[in-house]
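Asks: Quick one: structure below, then a few questions.
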Amino acid sequence: MLMSTTLRVDDPSPPVPGTMTAYRLVPGKTGPQRETIPVPVPGPAEVLIKVLAAGLCHSDLHVLDAALTRPHHPHPYTLGHEGAGSVVRLGDGVAADPALARRFAIGTYVAILTTNACARPECDACGRGLANACLARPLIGLGADGSWEQYVVADANTVVPVPGNDPWHPRLPPRVVAVATDAVLTPWHALTRAADVRPGQTVLVFGCGGLGSNAIQIAKHALGAGTLIASDVRPENLELARRLGADNAVLPDELKPLLHEQGITIDAVLDVVGKQATIDAGMDLLRSGGTLTLIGLEDETVSFRPLVATRILLSIRASFAGTCASLSECLDAIAEEKVIPEVEEHSLDECVAMVQALAKGEVRARVALIPQ
Amino acid sequence: MVAYRFIPGNKQPQREVVPVPTPNPNEVLVKVLAAGVCHSDLHLLDWSDTRPFAPQAHTLGHEGAGIVVQLGSALAADPSSARRLAAGTYVAVLTTNPCEQPDCDACSRGYENVCWTWPMVGLGIDGCWAEYVAASASTVVPVPGNNPKDPRLSPGVVAVATDAVLTPWHALTRAAGLRKGQTVLILGCGGLGSNAIQIAKHALGAAVVVGSDVRLKSLELARSVGADYAVLPGELRALLAEKKLTVDVVMDLVGKQPTVDAAMELVRIGGTVLLVGLGADAVGISPLATTTRQLTVKGSFGGNCQSLAECLQMIAEGKIKPEVEGRPLYECVDVVQALAEGKIRSRVALIP
């Protein structure tokens with residue numbers, strides 16, 4: 001049985017078992033595989049985190065699907081790229097650095113950022129403030145072991161302390177912090193860094209699910225969009241969208257008539273879906289010189305017509321995930337109630353069933369899996 | 001007068017004899033000294049029988065230079081227009097034809113280049129492949145120095161400047177915001193590309209300009225006008241690795257799937273792909289590839305009078321030297337054919 005090698009007799013850290021349950025992607029297998037694996041030992045620059053909540057995302061479905069015949073990575077790994085937990089062990093290098101040891105003292109309540117950036121100055125991404133595009137190291141839960149397990153290791157660089165350091169904070173419980181690391185962060189980073197949304201503008205958001213429901217709140221309540229129009233193919237999501245701040249929420253077919261009837265011009269589009277239909281609609285409805293911000297990854301390829309793109313002076317700005325800085329901003333926005341992520345808790349043991357439910361479109365907002 | 005016209009359904013320009021136009025109150029009548037031939041003219045002719053760009057017959061030629069010979073009544077009556085566009089003024093004729101109305105969503109925000117209120121000169125309404133053209137005052141720009149014999153600003157040069165220089169100029173300055181010291185890759189080193197290279201290198205101060213084309217003669221041209229490197233598409237990756245180059249902006253002047261793919265692959269993380277070429281009806285991009293690399297794709301089309309004035313100034317200062325070959329207007333059909341066969345090296349201006 002594997003024991004943590006950093007355990008000392010007088011160590012105040014909580015006891016850590018030798019093995020744990022993990023839900024893993026295994027190339028060639030359908031759905032997450034429940035396995036018992038050793039609890040990892042944190043490397044010198046890492047911390048070991050006891051997972052309090054882990055999110056479930058449409059991207060998990062994409063990678064599981066791909067894993068059957070064309071896996072992105074040839075090896076099995078634990079899924080879960082949205083995590084929140086508390087620090088239980090420090091790697092030697094972290095423990096030896098006074099600032100880090102203080103920042104990640106045992107018991108610190110943290111959010112885990114999937115990005116796992118290398119932070120080297122010579123990195124073309126990290127060196128220019130684009131850490132979210134650093135692919136030097138595998139992403140946590142998308143290549144490197146993630147949070148659908150009881151304990152996860154992560155580089156100190158990719159872990160962000162939660163403001164207030166309180167897992168019982170009414171607005172920042174683990175289920176919210178976990179999903180914030182993607183379902184809030186990805187639209188937040190995109191809307192603040194890639195999109196050009198100014199107060200009073202009219203914004204169209206495609207996709208009102210896990211990410212979209214937060215995108216609506218961010219655009220409307222944090223960035224001051226004047227008119228927020230949401231669109232989704234699922235009518236139940238439209239109701240949610242209205243409740244969260246959308247001025248109008250309609251099915252895709254109803255968009256053009258709505259804009260026409262109300263004389264609305266769209267200044268900015270956020271595509272949280274990323275499929276041909278949303279790109280087509282976005283380009284069709286966006287005013288000249290406007291920006292279509294793309295974060296959705298549904299289709300492998302989307303097409304557009306150069307003659308149309310050039311004639312409307314289109315900008316497509318694609319954005320992926322976020323950075324520690326934008327994650328801190330998100331957590332602050334949630335603490336200030338500008339964004340209230342909708343999250344439903346389920347036990348980690350329901351993982352396989354929840355993945356199937358998401359695939360069938362039965363999950364309304366976001367699910368957080370809680371290890372028991 | 002003789003005019004070479006687009007007739008829907010016909011894939012070749014049709015030579016016709018038509019009346020010399022009468023300018024309407026806000027137009028000038030320009031005696032054409034030169035008119036450019038562009039790949040877009042080929043696209044228009046090619047799509048004539050399936051997806052006509054314009055439903056009506058009209059004279060082609062969207063790059064023009066000439067002399068004002070007559071003013072429309074409203075222009076003649078307005079002292080400043082009458083002065084600015086007096087008969088005898090040497091002008092560039094811009095295809096854009098903006099309406100300049102205050103309630104126009106394009107014109108009111110500096111996007112005259114994409115105002116569609118009125119059809120474009122040579123791309124919907126009668127253009128410059130003729131002896132005379134009537135053009136709105138809003139789409140005509142006086143040439144600095146007012147001298148058609150200026151060696152740097154000959155009619156052939158001025159004509160092609162209105163698209164072959166203007167389009168890349170407007171794209172690089174307005175859409176890409178190319179800055180001094182950056183590295184730029186230009187895909188397509190023909191009519192527009194050979195000028196894009198000069199703009200990037202000599203006018204905007206790019207540190208490294210890489211050109212790429214499938215035609216060896218075009219690579220030669222690219223090097224001669226200032227590209228630091230010019231290679232076939234298949235050699236790009238190796239070149240960038242060997243010279244340790246990171247590309248800040250890729251300008252795609254071809255606009256087909258292979259060039260879009262190359263652009264997405266070779267631009268650096270967080271970089272910009274400038275899409276100007278209209279070669280393909282549709283091109284595909286990968287959401288996963290573009291999002292994980294934080295890319296920006298920007299479309300740009302034509303230019304406006306302001307950016308055209310800037311271009312003409314750059315040419316007057318010798319920073320950009322468009323390559324132009326003059327051919328008589330009556331060789332129009334042959335020139336179009338030669339362009340389609342890839343036999344034209346840079347830009348042809350038809351001289352009536």
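Each chain in the structure tokens gets a letter, A, B and so on, in the order shown; residues start at 1 in every chain, and ligands are counted from 1 in the order they appear.
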Distance limit 8 Å, atoms considered: only C-alpha atoms. Which chain B residues sit that close to chain A? Return them as a short mmCIF file (atom, residue, chain, number, x, y, z; two decimals) with all heavy atoms, in the first residue's frame.
Replies:
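The file below, part-v3.cif, is the result:
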```cif
data_model
loop_
_atom_site.label_atom_id
_atom_site.label_comp_id
_atom_site.auth_asym_id
_atom_site.auth_seq_id
_atom_site.Cartn_x
_atom_site.Cartn_y
_atom_site.Cartn_z
N ASP B 105 -25.11 52.80 -41.44
CA ASP B 105 -24.39 52.11 -40.38
C ASP B 105 -22.91 51.91 -40.70
O ASP B 105 -22.08 51.78 -39.80
CB ASP B 105 -25.04 50.74 -40.10
CG ASP B 105 -24.57 50.13 -38.79
OD1 ASP B 105 -24.62 50.83 -37.76
OD2 ASP B 105 -24.12 48.97 -38.78
N ALA B 106 -22.56 51.89 -41.99
CA ALA B 106 -21.16 51.73 -42.36
C ALA B 106 -20.48 53.10 -42.41
O ALA B 106 -19.52 53.35 -41.68
CB ALA B 106 -21.05 51.02 -43.70
N TYR B 111 -16.60 52.97 -41.91
CA TYR B 111 -16.55 51.73 -42.69
C TYR B 111 -17.08 51.94 -44.10
O TYR B 111 -17.81 51.10 -44.63
CB TYR B 111 -17.36 50.63 -41.99
CG TYR B 111 -16.81 50.18 -40.65
CD1 TYR B 111 -17.68 49.94 -39.59
CD2 TYR B 111 -15.45 49.98 -40.45
CE1 TYR B 111 -17.20 49.51 -38.36
CE2 TYR B 111 -14.97 49.56 -39.22
CZ TYR B 111 -15.85 49.33 -38.18
OH TYR B 111 -15.38 48.91 -36.95
N VAL B 114 -17.29 49.28 -46.79
CA VAL B 114 -18.32 48.24 -46.84
C VAL B 114 -19.73 48.84 -46.83
O VAL B 114 -20.66 48.26 -46.28
CB VAL B 114 -18.14 47.16 -45.75
CG1 VAL B 114 -16.84 46.40 -45.97
CG2 VAL B 114 -18.19 47.76 -44.36
N GLY B 255 -7.12 33.18 -50.02
CA GLY B 255 -8.45 32.86 -49.49
C GLY B 255 -8.98 31.52 -49.93
O GLY B 255 -10.14 31.38 -50.29
N ARG B 268 1.63 32.72 -34.78
CA ARG B 268 1.98 32.40 -33.40
C ARG B 268 0.73 32.42 -32.51
O ARG B 268 -0.31 32.95 -32.90
CB ARG B 268 3.01 33.39 -32.88
CG ARG B 268 2.41 34.71 -32.42
CD ARG B 268 3.43 35.79 -32.16
NE ARG B 268 4.47 35.43 -31.23
CZ ARG B 268 5.36 36.29 -30.74
NH1 ARG B 268 5.29 37.56 -31.10
NH2 ARG B 268 6.30 35.90 -29.92
N ILE B 269 0.86 31.88 -31.33
CA ILE B 269 -0.22 31.90 -30.35
C ILE B 269 -0.63 33.35 -30.12
O ILE B 269 0.22 34.22 -29.96
CB ILE B 269 0.27 31.27 -29.03
CG1 ILE B 269 0.42 29.75 -29.21
CG2 ILE B 269 -0.68 31.57 -27.88
CD1 ILE B 269 1.13 29.09 -28.06
N GLY B 270 -1.92 33.60 -30.12
CA GLY B 270 -2.40 34.96 -29.90
C GLY B 270 -2.27 35.86 -31.12
O GLY B 270 -2.52 37.05 -31.04
N LEU B 275 -7.70 37.93 -43.34
CA LEU B 275 -8.27 37.28 -44.51
C LEU B 275 -8.73 38.33 -45.50
O LEU B 275 -9.62 39.13 -45.19
CB LEU B 275 -9.44 36.39 -44.10
CG LEU B 275 -10.16 35.69 -45.26
CD1 LEU B 275 -9.22 34.78 -46.03
CD2 LEU B 275 -11.35 34.90 -44.72
N VAL B 276 -8.09 38.35 -46.66
CA VAL B 276 -8.44 39.33 -47.69
C VAL B 276 -8.81 38.61 -48.99
O VAL B 276 -9.65 39.05 -49.75
CB VAL B 276 -7.25 40.30 -47.92
CG1 VAL B 276 -7.53 41.24 -49.06
CG2 VAL B 276 -6.96 41.08 -46.64
N GLY B 277 -8.14 37.49 -49.26
CA GLY B 277 -8.37 36.74 -50.49
C GLY B 277 -9.76 36.14 -50.55
O GLY B 277 -10.33 35.76 -49.52
N LEU B 278 -10.29 36.04 -51.76
CA LEU B 278 -11.67 35.57 -51.95
C LEU B 278 -11.70 34.37 -52.88
O LEU B 278 -12.66 34.17 -53.61
CB LEU B 278 -12.50 36.72 -52.55
CG LEU B 278 -12.49 38.01 -51.71
CD1 LEU B 278 -13.16 39.14 -52.48
CD2 LEU B 278 -13.19 37.80 -50.39
N GLY B 279 -10.64 33.58 -52.84
CA GLY B 279 -10.50 32.47 -53.77
C GLY B 279 -11.53 31.38 -53.65
O GLY B 279 -11.94 30.78 -54.64
N ALA B 280 -11.93 31.09 -52.44
CA ALA B 280 -12.86 29.97 -52.25
C ALA B 280 -14.23 30.49 -51.86
O ALA B 280 -14.35 31.53 -51.23
CB ALA B 280 -12.34 29.04 -51.17
N ASP B 281 -15.22 29.72 -52.19
CA ASP B 281 -16.57 30.08 -51.77
C ASP B 281 -16.70 30.00 -50.26
O ASP B 281 -17.30 30.85 -49.61
CB ASP B 281 -17.58 29.13 -52.43
CG ASP B 281 -19.00 29.56 -52.12
OD1 ASP B 281 -19.25 30.78 -52.09
OD2 ASP B 281 -19.85 28.69 -51.91
N ALA B 282 -16.11 28.96 -49.69
CA ALA B 282 -16.16 28.79 -48.23
C ALA B 282 -14.88 28.12 -47.78
O ALA B 282 -14.29 27.33 -48.51
CB ALA B 282 -17.36 27.93 -47.83
N VAL B 283 -14.43 28.50 -46.58
CA VAL B 283 -13.26 27.84 -46.01
C VAL B 283 -13.61 27.41 -44.60
O VAL B 283 -14.45 28.03 -43.95
CB VAL B 283 -12.02 28.78 -45.99
CG1 VAL B 283 -11.56 29.07 -47.40
CG2 VAL B 283 -12.31 30.06 -45.22
N GLY B 284 -12.95 26.35 -44.11
CA GLY B 284 -13.24 25.85 -42.77
C GLY B 284 -12.11 26.15 -41.81
O GLY B 284 -10.95 26.21 -42.19
N ILE B 285 -12.48 26.39 -40.55
CA ILE B 285 -11.48 26.52 -39.49
C ILE B 285 -11.89 25.62 -38.33
O ILE B 285 -13.05 25.23 -38.24
CB ILE B 285 -11.35 27.98 -38.98
CG1 ILE B 285 -12.70 28.49 -38.46
CG2 ILE B 285 -10.81 28.88 -40.07
CD1 ILE B 285 -12.62 29.87 -37.80
N SER B 286 -10.95 25.29 -37.47
CA SER B 286 -11.24 24.40 -36.37
C SER B 286 -11.44 25.19 -35.08
O SER B 286 -10.53 25.89 -34.65
CB SER B 286 -10.07 23.42 -36.20
OG SER B 286 -10.01 22.95 -34.87
N PRO B 287 -12.63 25.09 -34.46
CA PRO B 287 -12.80 25.79 -33.19
C PRO B 287 -11.73 25.40 -32.16
O PRO B 287 -11.19 26.25 -31.47
CB PRO B 287 -14.20 25.36 -32.73
CG PRO B 287 -14.94 25.09 -34.00
CD PRO B 287 -13.90 24.49 -34.92
N LEU B 288 -11.40 24.11 -32.09
CA LEU B 288 -10.43 23.67 -31.10
C LEU B 288 -9.06 24.30 -31.36
O LEU B 288 -8.41 24.79 -30.45
CB LEU B 288 -10.32 22.13 -31.10
CG LEU B 288 -9.47 21.54 -29.98
CD1 LEU B 288 -10.06 21.85 -28.61
CD2 LEU B 288 -9.34 20.03 -30.15
N THR B 290 -8.33 27.04 -33.12
CA THR B 290 -8.30 28.50 -32.98
C THR B 290 -8.44 28.94 -31.53
O THR B 290 -7.76 29.87 -31.11
CB THR B 290 -9.39 29.18 -33.83
OG1 THR B 290 -10.64 28.56 -33.55
CG2 THR B 290 -9.10 29.05 -35.31
N THR B 291 -9.31 28.25 -30.77
CA THR B 291 -9.49 28.69 -29.38
C THR B 291 -8.25 28.36 -28.55
O THR B 291 -7.80 29.21 -27.77
CB THR B 291 -10.72 28.05 -28.71
OG1 THR B 291 -10.60 26.62 -28.75
CG2 THR B 291 -12.01 28.46 -29.40
N THR B 292 -7.70 27.15 -28.70
CA THR B 292 -6.56 26.80 -27.86
C THR B 292 -5.34 27.62 -28.22
O THR B 292 -4.37 27.65 -27.47
CB THR B 292 -6.21 25.29 -27.96
OG1 THR B 292 -6.01 24.96 -29.33
CG2 THR B 292 -7.30 24.43 -27.36
N ARG B 293 -5.33 28.29 -29.37
CA ARG B 293 -4.19 29.15 -29.69
C ARG B 293 -4.56 30.63 -29.63
O ARG B 293 -3.76 31.49 -30.01
CB ARG B 293 -3.62 28.78 -31.06
CG ARG B 293 -3.13 27.32 -31.03
CD ARG B 293 -2.52 26.86 -32.33
NE ARG B 293 -1.23 27.50 -32.50
CZ ARG B 293 -0.89 28.20 -33.56
NH1 ARG B 293 -1.72 28.34 -34.57
NH2 ARG B 293 0.30 28.76 -33.62
N GLN B 294 -5.76 30.93 -29.10
CA GLN B 294 -6.17 32.34 -28.91
C GLN B 294 -6.00 33.15 -30.18
O GLN B 294 -5.44 34.24 -30.17
CB GLN B 294 -5.33 33.01 -27.81
CG GLN B 294 -5.53 32.52 -26.42
CD GLN B 294 -6.90 32.84 -25.88
OE1 GLN B 294 -7.71 31.97 -25.59
NE2 GLN B 294 -7.21 34.10 -25.74
N LEU B 295 -6.50 32.63 -31.31
CA LEU B 295 -6.29 33.34 -32.56
C LEU B 295 -7.39 34.35 -32.89
O LEU B 295 -8.51 34.22 -32.43
CB LEU B 295 -6.20 32.33 -33.72
CG LEU B 295 -5.05 31.32 -33.62
CD1 LEU B 295 -5.01 30.48 -34.89
CD2 LEU B 295 -3.72 32.00 -33.40
N THR B 296 -7.00 35.33 -33.68
CA THR B 296 -7.96 36.29 -34.20
C THR B 296 -7.95 36.16 -35.72
O THR B 296 -6.88 36.11 -36.33
CB THR B 296 -7.53 37.73 -33.82
OG1 THR B 296 -7.48 37.83 -32.40
CG2 THR B 296 -8.51 38.75 -34.36
N VAL B 297 -9.13 36.10 -36.31
CA VAL B 297 -9.24 36.08 -37.77
C VAL B 297 -9.98 37.36 -38.14
O VAL B 297 -11.08 37.58 -37.65
CB VAL B 297 -10.05 34.87 -38.26
CG1 VAL B 297 -10.18 34.90 -39.78
CG2 VAL B 297 -9.42 33.57 -37.80
N LYS B 298 -9.39 38.17 -38.97
CA LYS B 298 -10.06 39.41 -39.34
C LYS B 298 -10.23 39.52 -40.84
O LYS B 298 -9.25 39.34 -41.58
CB LYS B 298 -9.28 40.63 -38.83
CG LYS B 298 -9.20 40.67 -37.32
CD LYS B 298 -8.75 42.02 -36.82
CE LYS B 298 -9.95 42.94 -36.64
NZ LYS B 298 -9.67 44.07 -35.76
N GLY B 299 -11.43 39.81 -41.26
CA GLY B 299 -11.69 40.00 -42.68
C GLY B 299 -11.55 41.48 -43.00
O GLY B 299 -11.91 42.33 -42.21
N SER B 300 -11.00 41.77 -44.17
CA SER B 300 -10.93 43.17 -44.58
C SER B 300 -11.24 43.26 -46.06
O SER B 300 -10.93 42.33 -46.81
CB SER B 300 -9.56 43.77 -44.28
OG SER B 300 -9.56 45.17 -44.52
N PHE B 301 -11.89 44.33 -46.46
CA PHE B 301 -12.37 44.45 -47.84
C PHE B 301 -12.08 45.85 -48.33
O PHE B 301 -12.48 46.83 -47.69
CB PHE B 301 -13.87 44.18 -47.86
CG PHE B 301 -14.48 44.09 -49.21
CD1 PHE B 301 -14.41 42.90 -49.93
CD2 PHE B 301 -15.12 45.18 -49.77
CE1 PHE B 301 -15.00 42.80 -51.21
CE2 PHE B 301 -15.70 45.08 -51.04
CZ PHE B 301 -15.64 43.89 -51.75
#
```
Asks: Write out as an MDAnalysis selection string each polymer residue whose atoms come within 10 Å of Pro21 of chain B, counting only C-alpha atoms; drop sequence neighbours fewer than 5 positions from it.
Replies: chainID B and resid 1 29:30 126 132:135
Asks: Using only N, CA and C atoms, please write the residues we just selected to a file, as a PDB file, in the first residue's frame.
Replies:
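Final output, part.pdb:
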```
ATOM      1  N   MET B   1     -18.712  54.983 -77.062  1.00  0.00           N
ATOM      2  CA  MET B   1     -17.353  54.584 -76.698  1.00  0.00           C
ATOM      3  C   MET B   1     -17.288  53.059 -76.575  1.00  0.00           C
ATOM      4  N   LEU B  29     -17.543  63.119 -64.656  1.00  0.00           N
ATOM      5  CA  LEU B  29     -17.229  62.258 -65.788  1.00  0.00           C
ATOM      6  C   LEU B  29     -15.708  62.263 -65.908  1.00  0.00           C
ATOM      7  N   VAL B  30     -15.131  61.063 -65.906  1.00  0.00           N
ATOM      8  CA  VAL B  30     -13.679  60.923 -65.931  1.00  0.00           C
ATOM      9  C   VAL B  30     -13.261  60.267 -67.241  1.00  0.00           C
ATOM     10  N   ASP B 126     -21.416  50.571 -63.983  1.00  0.00           N
ATOM     11  CA  ASP B 126     -20.372  50.744 -64.993  1.00  0.00           C
ATOM     12  C   ASP B 126     -19.054  51.214 -64.398  1.00  0.00           C
ATOM     13  N   TYR B 132     -14.537  56.235 -70.860  1.00  0.00           N
ATOM     14  CA  TYR B 132     -15.018  57.219 -69.877  1.00  0.00           C
ATOM     15  C   TYR B 132     -15.790  56.480 -68.792  1.00  0.00           C
ATOM     16  N   VAL B 133     -15.782  57.059 -67.600  1.00  0.00           N
ATOM     17  CA  VAL B 133     -16.600  56.501 -66.520  1.00  0.00           C
ATOM     18  C   VAL B 133     -17.208  57.655 -65.722  1.00  0.00           C
ATOM     19  N   ALA B 134     -18.476  57.473 -65.319  1.00  0.00           N
ATOM     20  CA  ALA B 134     -19.114  58.465 -64.453  1.00  0.00           C
ATOM     21  C   ALA B 134     -19.012  57.921 -63.037  1.00  0.00           C
ATOM     22  N   ALA B 135     -18.510  58.753 -62.122  1.00  0.00           N
ATOM     23  CA  ALA B 135     -18.334  58.273 -60.750  1.00  0.00           C
ATOM     24  C   ALA B 135     -18.747  59.338 -59.756  1.00  0.00           C
TER      25      ALA B 135
END
```
Asks: Calculated over only C-alpha atoms, which of the candidates A:Ser328, A:Val160, A:Leu142, A:Leu56 has the smallest distance to Arg103 of chain A?
Replies: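 Looking only at the distances to Arg103 of chain A, the closest residue turns out to be A:Val160.
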Asks: Counting only C-alpha atoms, which of A:Gly245, A:Gly210, A:Pro161, A:Pro235 gets nearest to Thr108 of chain A?
Replies: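 Looking only at the distances to Thr108 of chain A, the closest residue turns out to be A:Pro161.
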Asks: Among segment 223-369 of chain A, which ones does DSSP place in strand (DSSP E or B), written as a PyMOL selection string?
Replies: chain A and resi 227-231+248-250+266-271+286-294+302-304+315-318+343-347+366-369
Asks: Identify, with DSSP run on backbone atoms, the residues in segment 242-349 of chain A assigned to helix (DSSP H, G or I), and express the list as a short mmCIF file (atom, residue, chain, number, x, y, z; two decimals) with N, CA and C atoms, in the first residue's frame.
Replies:
```cif
data_model
loop_
_atom_site.label_atom_id
_atom_site.label_comp_id
_atom_site.auth_asym_id
_atom_site.auth_seq_id
_atom_site.Cartn_x
_atom_site.Cartn_y
_atom_site.Cartn_z
N ARG A 242 -33.61 33.92 -19.44
CA ARG A 242 -34.38 35.13 -19.06
C ARG A 242 -34.23 35.42 -17.58
N ARG A 243 -34.31 34.36 -16.79
CA ARG A 243 -34.20 34.52 -15.34
C ARG A 243 -32.84 35.08 -14.94
N LEU A 244 -31.82 34.73 -15.69
CA LEU A 244 -30.47 35.16 -15.34
C LEU A 244 -30.10 36.53 -15.89
N PRO A 252 -33.28 29.76 -32.29
CA PRO A 252 -32.52 30.34 -33.40
C PRO A 252 -33.39 30.89 -34.53
N ASP A 253 -34.45 30.15 -34.89
CA ASP A 253 -35.32 30.59 -35.98
C ASP A 253 -36.03 31.91 -35.70
N GLU A 254 -36.15 32.23 -34.42
CA GLU A 254 -36.91 33.42 -34.03
C GLU A 254 -36.02 34.66 -33.96
N LEU A 255 -34.72 34.49 -34.13
CA LEU A 255 -33.80 35.62 -33.96
C LEU A 255 -34.02 36.73 -34.97
N LYS A 256 -33.97 36.36 -36.23
CA LYS A 256 -34.10 37.39 -37.27
C LYS A 256 -35.38 38.20 -37.11
N PRO A 257 -36.53 37.51 -36.99
CA PRO A 257 -37.78 38.26 -36.80
C PRO A 257 -37.72 39.18 -35.58
N LEU A 258 -37.13 38.71 -34.49
CA LEU A 258 -37.03 39.52 -33.28
C LEU A 258 -36.23 40.78 -33.54
N LEU A 259 -35.06 40.63 -34.16
CA LEU A 259 -34.20 41.78 -34.39
C LEU A 259 -34.89 42.78 -35.32
N HIS A 260 -35.56 42.23 -36.30
CA HIS A 260 -36.24 43.06 -37.28
C HIS A 260 -37.37 43.84 -36.64
N GLU A 261 -38.19 43.11 -35.89
CA GLU A 261 -39.35 43.70 -35.23
C GLU A 261 -38.95 44.80 -34.25
N GLN A 262 -37.87 44.58 -33.51
CA GLN A 262 -37.47 45.55 -32.50
C GLN A 262 -36.38 46.51 -32.98
N GLN A 276 -21.57 24.85 -36.95
CA GLN A 276 -21.81 25.57 -38.19
C GLN A 276 -23.02 26.49 -38.08
N ALA A 277 -24.10 25.99 -37.49
CA ALA A 277 -25.33 26.79 -37.42
C ALA A 277 -25.13 28.08 -36.64
N THR A 278 -24.37 28.02 -35.56
CA THR A 278 -24.19 29.23 -34.75
C THR A 278 -23.23 30.20 -35.43
N ILE A 279 -22.19 29.69 -36.08
CA ILE A 279 -21.28 30.56 -36.82
C ILE A 279 -22.04 31.26 -37.95
N ASP A 280 -22.84 30.50 -38.68
CA ASP A 280 -23.63 31.08 -39.77
C ASP A 280 -24.55 32.17 -39.26
N ALA A 281 -25.28 31.86 -38.20
CA ALA A 281 -26.23 32.84 -37.65
C ALA A 281 -25.49 34.05 -37.11
N GLY A 282 -24.39 33.81 -36.42
CA GLY A 282 -23.61 34.90 -35.84
C GLY A 282 -23.14 35.86 -36.93
N MET A 283 -22.59 35.32 -38.00
CA MET A 283 -22.09 36.16 -39.08
C MET A 283 -23.22 36.90 -39.79
N ASP A 284 -24.35 36.25 -39.85
CA ASP A 284 -25.49 36.84 -40.52
C ASP A 284 -26.05 38.03 -39.74
N LEU A 285 -25.99 37.94 -38.42
CA LEU A 285 -26.68 38.94 -37.59
C LEU A 285 -25.77 40.03 -37.03
N PRO A 306 -15.26 33.58 -47.39
CA PRO A 306 -14.38 34.75 -47.39
C PRO A 306 -15.11 36.00 -47.90
N LEU A 307 -15.94 35.86 -48.94
CA LEU A 307 -16.59 37.04 -49.49
C LEU A 307 -17.49 37.70 -48.45
N VAL A 308 -18.14 36.89 -47.62
CA VAL A 308 -18.99 37.45 -46.57
C VAL A 308 -18.13 38.01 -45.44
N ALA A 309 -17.16 37.23 -45.00
CA ALA A 309 -16.31 37.65 -43.88
C ALA A 309 -15.60 38.96 -44.16
N THR A 310 -15.10 39.10 -45.41
CA THR A 310 -14.37 40.33 -45.72
C THR A 310 -15.35 41.49 -45.85
N ARG A 311 -16.50 41.25 -46.48
CA ARG A 311 -17.44 42.34 -46.70
C ARG A 311 -18.10 42.85 -45.42
N CYS A 324 -4.81 32.45 -14.21
CA CYS A 324 -5.00 32.64 -12.77
C CYS A 324 -5.56 34.02 -12.48
N ALA A 325 -5.10 35.01 -13.23
CA ALA A 325 -5.59 36.38 -13.01
C ALA A 325 -7.09 36.48 -13.30
N SER A 326 -7.52 35.92 -14.44
CA SER A 326 -8.95 36.03 -14.76
C SER A 326 -9.78 35.14 -13.84
N LEU A 327 -9.20 34.05 -13.34
CA LEU A 327 -9.93 33.21 -12.38
C LEU A 327 -10.15 33.97 -11.08
N SER A 328 -9.15 34.70 -10.63
CA SER A 328 -9.33 35.50 -9.41
C SER A 328 -10.44 36.53 -9.62
N GLU A 329 -10.46 37.13 -10.81
CA GLU A 329 -11.52 38.12 -11.10
C GLU A 329 -12.89 37.49 -11.02
N CYS A 330 -13.01 36.30 -11.58
CA CYS A 330 -14.28 35.56 -11.56
C CYS A 330 -14.75 35.30 -10.16
N LEU A 331 -13.82 34.78 -9.34
CA LEU A 331 -14.20 34.42 -7.98
C LEU A 331 -14.66 35.67 -7.23
N ASP A 332 -14.00 36.80 -7.50
CA ASP A 332 -14.44 38.06 -6.88
C ASP A 332 -15.84 38.42 -7.36
N ALA A 333 -16.08 38.27 -8.67
CA ALA A 333 -17.40 38.62 -9.22
C ALA A 333 -18.49 37.75 -8.60
N ILE A 334 -18.16 36.49 -8.33
CA ILE A 334 -19.14 35.59 -7.71
C ILE A 334 -19.36 35.99 -6.26
N ALA A 335 -18.28 36.32 -5.57
CA ALA A 335 -18.40 36.76 -4.17
C ALA A 335 -19.29 38.00 -4.10
N LEU A 348 -19.95 11.77 -6.49
CA LEU A 348 -18.97 11.33 -7.50
C LEU A 348 -19.33 9.92 -8.00
N ASP A 349 -19.94 9.11 -7.13
CA ASP A 349 -20.33 7.76 -7.53
C ASP A 349 -21.37 7.75 -8.64
#
```
Asks: Between B:Ile67, B:Val267, B:Val165, B:Ala241, which residue has the minimum interatomic distance to Ala86 of chain B, considering only C-alpha atoms?
Replies: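 Under the stated criterion, the closest residue is B:Ile67.
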Asks: Skipping near chain neighbours, those fewer than 3 positions away, what residues fall within 9 Å of Gln70 of chain B using only C-alpha atoms, listed as a ChimeraX atom specification?
Replies: /B:22-23,27-30,76,86-88
Asks: Between atom CA of Met314 of chain B and atom CA of Thr173 of chain B, what distance in Å does the model show, to one decimal?
Replies: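 Taking atom CA of Met314 of chain B and atom CA of Thr173 of chain B, their separation equals 13.1 Å.
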Asks: Do you know which residues are at most 8 Å from Gly61 of chain B counting only C-alpha atoms, after dropping those on the same chain fewer than 6 positions away, and could you put them as an MDAnalysis selection string?
Replies: chainID B and resid 35:37 41 121:123 126:129
Asks: Quick one: residues within 9 Å of Thr192 of chain A, only C-alpha atoms counted, chain neighbours fewer than 4 positions away excluded, as JSON, numbers by chain?
Replies: {"A": [187, 188, 196, 197, 223, 326]}
Asks: Determine, counting only C-alpha atoms, which protein, DNA and RNA residues have an atom within 10 Å of an atom of Leu221 of chain B; residues of the same chain fewer than 4 positions away are not included. Present the result as JSON, numbers by chain.
Replies: {"B": [189, 190, 193, 194, 211, 216, 217, 225, 226, 227, 230, 323, 345, 346]}
